Amino acid sequence: MRIAWIAAPVAGMAALVGALAWSAPEDRSHGDVYRQLELFADVLARVEQDYVTDIDDEEAIEAAIQGMLSSLDPHSSYMDATEFRDMQVTTRGEYGGLGIEVTSEEGVVRVVSPIDGTPAARAGIQAGDYITAVNGESIVGLTVNDAVRRMRGDAGTEITITIAREATDPFDVTLTREIINVRAVTARVEGGDVGVVRISTFNERTGDMLQEAIRTVRRDTGGRLRGIVLDLRNNPGGLLDQAIEVSDAFLDGGEVVSTRGRRPEDVQRYNARRGDDLPGVPIVVLINGASASAAEIVAGALQDRNRALVVGMDSFGKGSVQTVIPLQGGRDGALRLTTARYYTPAGRSIQGAGITPDLEVAARRIDPERLRAISISEESLPNALDNDSGARRRAAHVPDDQPPVNWDESEDYQLHRALEFLRQGVVAQRLRERAG
């Protein structure tokens, strides 16, 4: 079974089973490779012999592998056998922990997104926060996998993490670990006529849960469904096949996404099946700077195919696909390797650039002097792949549409505007104009 994983840089998650035979790079001789391997062996032997203290050979070699992979791009990494097992459990949507997706930025763990309904979300952890210590011990400089290992533990146990946030002093947050049962899709009806479908991640159950959500909003609107808000904000991504399945639900055939690998012939196109589950129902897709990867595939597909109006802020810009390759059947862990870029139906690579919304709406008022706080993206990660189409991310700026000065911050302004766009006919009109 092969499963492509396209989440944002997230520790301990993923999924593809398969094996690849190693071969020397085509443009280098075997001799060059062997000499480099001999050099590595010489360095290891010298460290074992002369380093000031004894070393753990296994840890040293794993660190060397991690260093090689992290020099390629932010998403390639090595997982030991325990991490590989944890990843497989996580992909099924149930695991123990705090409920945060994280990445590493210059040796510091950064929150990509808290997951809805988890201890991290309830404690107010925000996308963009840095985690600098666990139970008073610094985790600065650790790999993401090592940092996550320290944060995980038995359900019911407490953990204190130190948070560094833009424009505030570092502060501690104490959380109780839980078994995280990720409810990937939730649905409700607003005002009796608009369905709000929230997708928080793309795990193995997302497609099935979406079908339940569609049935729910149809039933609860009593046949008066005026529109759908598909909320992909703070969605870090997940499984490629689930992104295709979600897009498929709203498309009547045609291309959803394509992937292109290293060689010109390594192109795969993924198409929707015939039959739109909500034909003629206008759709708004809500995105923000923490909408990544699989979420961007869905937003890009529905935007390019003129099926939805995208509202919110520029997305994260992760346009690459990772393959997880078990080593020795998983006994020696697994290699998580970037193997392809993905492209929207119009042929756009969003790597680094992200998805630009049709209607830009900020969630809260933005101080022009704090624009840096909203500018974190794939493009800013160390060793990020370039955009092979030459597309660049827009510079950080203050959107024209942001909450008024007296807006109640407990109210969701982006959702408020999305509902207005649907009820005022803006979405249907814009889609008709775009169709020409």
# chains A, B, ... in the order shown; residues from 1 in each chain; ligands from 1
>>> residues_around(residues="range 114-121 of chain A", least_positions_apart="2", cutoff="9 Å", atoms="only C-alpha atoms", output="ChimeraX atom specification")
/A:97-102,111-112,123-127,175-178,180-184,200-201,234-235
>>> write_last_selection(atoms="C-alpha atoms", output="tab-separated table (two decimals), in the first residue's frame")
chain	number	residue	atom	x	y	z
A	97	GLY	CA	-0.28	13.99	23.20
A	98	LEU	CA	-1.13	17.68	23.27
A	99	GLY	CA	-2.64	18.18	19.81
A	100	ILE	CA	-0.17	20.51	18.10
A	101	GLU	CA	1.49	20.32	14.71
A	102	VAL	CA	5.06	21.61	14.84
A	111	VAL	CA	3.78	25.69	16.15
A	112	VAL	CA	2.23	25.23	12.71
A	123	ALA	CA	-4.95	26.39	26.31
A	124	GLY	CA	-4.74	29.09	23.64
A	125	ILE	CA	-1.60	27.88	21.87
A	126	GLN	CA	-1.43	29.75	18.56
A	127	ALA	CA	0.03	29.12	15.11
A	175	LEU	CA	-1.40	21.16	29.97
A	176	THR	CA	-2.71	17.68	30.68
A	177	ARG	CA	-1.92	15.12	28.01
A	178	GLU	CA	-4.88	13.34	26.41
A	180	ILE	CA	-6.14	12.78	20.84
A	181	ASN	CA	-9.09	11.53	18.83
A	182	VAL	CA	-8.96	13.86	15.89
A	183	ARG	CA	-12.42	14.71	14.61
A	184	ALA	CA	-11.24	15.68	11.15
A	200	SER	CA	-9.07	20.37	10.60
A	201	THR	CA	-6.78	17.72	9.06
A	234	ASN	CA	-5.15	26.21	10.44
A	235	ASN	CA	-5.32	22.91	8.57
>>> residues_around(residues="Leu302 in chain A", least_positions_apart="4", cutoff="8 Å", atoms="only C-alpha atoms", output="number ranges by chain")
A: 247, 250-251, 298, 306-309
>>> closest_residue(among="A:Gly227, A:Asp193, A:Asp86, A:Asn203", to="Arg152 in chain A", atoms="only C-alpha atoms")
A:Asp86
>>> closest_residue(among="A:Leu385, A:Val311, A:Ala391, A:Val43", to="Ile61 in chain A", atoms="only C-alpha atoms")
A:Val43
>>> residues_around(residues="Thr143 in chain A", least_positions_apart="6", cutoff="9 Å", atoms="only C-alpha atoms", output="PyMOL selection string")
chain A and resi 66+104+107-109
>>> select_by_dssp(residues="range 124-333 of chain A", states="alpha helix (DSSP H)", output="NGL selection string")
:A and (144-151 or 206-220 or 240-248 or 294-304)
>>> write_last_selection(atoms="N, CA and C atoms", output="tab-separated table (two decimals), in the first residue's frame")
chain	number	residue	atom	x	y	z
A	144	VAL	N	13.04	18.08	15.58
A	144	VAL	CA	11.60	18.08	15.84
A	144	VAL	C	11.18	16.76	16.48
A	145	ASN	N	11.71	15.64	15.97
A	145	ASN	CA	11.32	14.35	16.50
A	145	ASN	C	11.69	14.22	17.97
A	146	ASP	N	12.89	14.69	18.36
A	146	ASP	CA	13.30	14.62	19.76
A	146	ASP	C	12.42	15.52	20.63
A	147	ALA	N	12.08	16.70	20.12
A	147	ALA	CA	11.23	17.61	20.87
A	147	ALA	C	9.85	17.01	21.08
A	148	VAL	N	9.30	16.42	20.03
A	148	VAL	CA	7.97	15.81	20.13
A	148	VAL	C	8.00	14.64	21.11
A	149	ARG	N	9.08	13.87	21.10
A	149	ARG	CA	9.21	12.74	22.02
A	149	ARG	C	9.12	13.23	23.47
A	150	ARG	N	9.69	14.40	23.76
A	150	ARG	CA	9.64	14.94	25.12
A	150	ARG	C	8.25	15.45	25.48
A	151	MET	N	7.50	15.89	24.48
A	151	MET	CA	6.18	16.42	24.76
A	151	MET	C	5.12	15.34	24.87
A	206	THR	N	-11.09	11.41	6.79
A	206	THR	CA	-11.61	12.72	6.39
A	206	THR	C	-12.68	12.62	5.31
A	207	GLY	N	-12.42	11.86	4.26
A	207	GLY	CA	-13.39	11.74	3.17
A	207	GLY	C	-14.73	11.23	3.63
A	208	ASP	N	-14.73	10.17	4.45
A	208	ASP	CA	-15.98	9.61	4.96
A	208	ASP	C	-16.70	10.61	5.85
A	209	MET	N	-15.92	11.31	6.69
A	209	MET	CA	-16.53	12.30	7.58
A	209	MET	C	-17.14	13.46	6.80
A	210	LEU	N	-16.52	13.82	5.68
A	210	LEU	CA	-17.08	14.89	4.85
A	210	LEU	C	-18.45	14.49	4.33
A	211	GLN	N	-18.61	13.25	3.92
A	211	GLN	CA	-19.91	12.80	3.43
A	211	GLN	C	-20.97	12.90	4.52
A	212	GLU	N	-20.58	12.56	5.77
A	212	GLU	CA	-21.50	12.73	6.90
A	212	GLU	C	-21.87	14.20	7.08
A	213	ALA	N	-20.87	15.07	6.94
A	213	ALA	CA	-21.10	16.51	7.11
A	213	ALA	C	-22.06	17.04	6.06
A	214	ILE	N	-21.90	16.60	4.82
A	214	ILE	CA	-22.79	17.05	3.75
A	214	ILE	C	-24.22	16.60	4.03
A	215	ARG	N	-24.37	15.36	4.50
A	215	ARG	CA	-25.72	14.88	4.84
A	215	ARG	C	-26.32	15.71	5.99
A	216	THR	N	-25.47	16.07	6.94
A	216	THR	CA	-25.94	16.85	8.10
A	216	THR	C	-26.47	18.21	7.67
A	217	VAL	N	-25.71	18.94	6.85
A	217	VAL	CA	-26.16	20.30	6.47
A	217	VAL	C	-27.36	20.24	5.53
A	218	ARG	N	-27.44	19.21	4.71
A	218	ARG	CA	-28.63	19.06	3.87
A	218	ARG	C	-29.87	18.87	4.74
A	219	ARG	N	-29.72	17.97	5.72
A	219	ARG	CA	-30.87	17.67	6.60
A	219	ARG	C	-31.27	18.89	7.43
A	220	ASP	N	-30.27	19.55	8.02
A	220	ASP	CA	-30.57	20.63	8.97
A	220	ASP	C	-31.02	21.92	8.29
A	240	LEU	N	-2.65	12.72	0.71
A	240	LEU	CA	-2.98	13.17	-0.64
A	240	LEU	C	-4.30	12.59	-1.12
A	241	ASP	N	-4.53	11.30	-0.88
A	241	ASP	CA	-5.76	10.69	-1.39
A	241	ASP	C	-7.01	11.32	-0.74
A	242	GLN	N	-6.86	11.80	0.50
A	242	GLN	CA	-8.00	12.42	1.16
A	242	GLN	C	-8.26	13.84	0.62
A	243	ALA	N	-7.19	14.55	0.26
A	243	ALA	CA	-7.37	15.85	-0.38
A	243	ALA	C	-8.10	15.69	-1.71
A	244	ILE	N	-7.76	14.64	-2.45
A	244	ILE	CA	-8.43	14.38	-3.73
A	244	ILE	C	-9.89	14.01	-3.49
A	245	GLU	N	-10.15	13.20	-2.46
A	245	GLU	CA	-11.52	12.78	-2.17
A	245	GLU	C	-12.39	13.97	-1.76
A	246	VAL	N	-11.83	14.87	-0.96
A	246	VAL	CA	-12.59	16.06	-0.55
A	246	VAL	C	-12.90	16.94	-1.76
A	247	SER	N	-11.91	17.18	-2.60
A	247	SER	CA	-12.13	17.97	-3.81
A	247	SER	C	-13.17	17.32	-4.71
A	248	ASP	N	-13.09	16.00	-4.83
A	248	ASP	CA	-13.99	15.21	-5.66
A	248	ASP	C	-15.44	15.44	-5.28
A	294	ALA	N	-2.19	19.66	1.86
A	294	ALA	CA	-3.45	19.08	1.38
A	294	ALA	C	-4.57	20.11	1.38
A	295	ALA	N	-4.57	21.00	2.38
A	295	ALA	CA	-5.58	22.06	2.41
A	295	ALA	C	-5.42	22.98	1.21
A	296	GLU	N	-4.18	23.23	0.80
A	296	GLU	CA	-3.92	24.08	-0.35
A	296	GLU	C	-4.30	23.39	-1.65
A	297	ILE	N	-4.17	22.08	-1.70
A	297	ILE	CA	-4.61	21.33	-2.88
A	297	ILE	C	-6.11	21.52	-3.08
A	298	VAL	N	-6.89	21.37	-2.01
A	298	VAL	CA	-8.34	21.53	-2.11
A	298	VAL	C	-8.70	22.96	-2.52
A	299	ALA	N	-8.09	23.94	-1.84
A	299	ALA	CA	-8.39	25.34	-2.17
A	299	ALA	C	-8.01	25.67	-3.60
A	300	GLY	N	-6.84	25.20	-4.03
A	300	GLY	CA	-6.38	25.48	-5.40
A	300	GLY	C	-7.24	24.81	-6.44
A	301	ALA	N	-7.67	23.57	-6.17
A	301	ALA	CA	-8.50	22.84	-7.13
A	301	ALA	C	-9.86	23.52	-7.30
A	302	LEU	N	-10.51	23.88	-6.19
A	302	LEU	CA	-11.83	24.49	-6.28
A	302	LEU	C	-11.76	25.90	-6.84
A	303	GLN	N	-10.63	26.58	-6.62
A	303	GLN	CA	-10.43	27.92	-7.20
A	303	GLN	C	-10.20	27.83	-8.70
A	304	ASP	N	-9.27	26.98	-9.11
A	304	ASP	CA	-8.95	26.86	-10.54
A	304	ASP	C	-10.12	26.33	-11.35
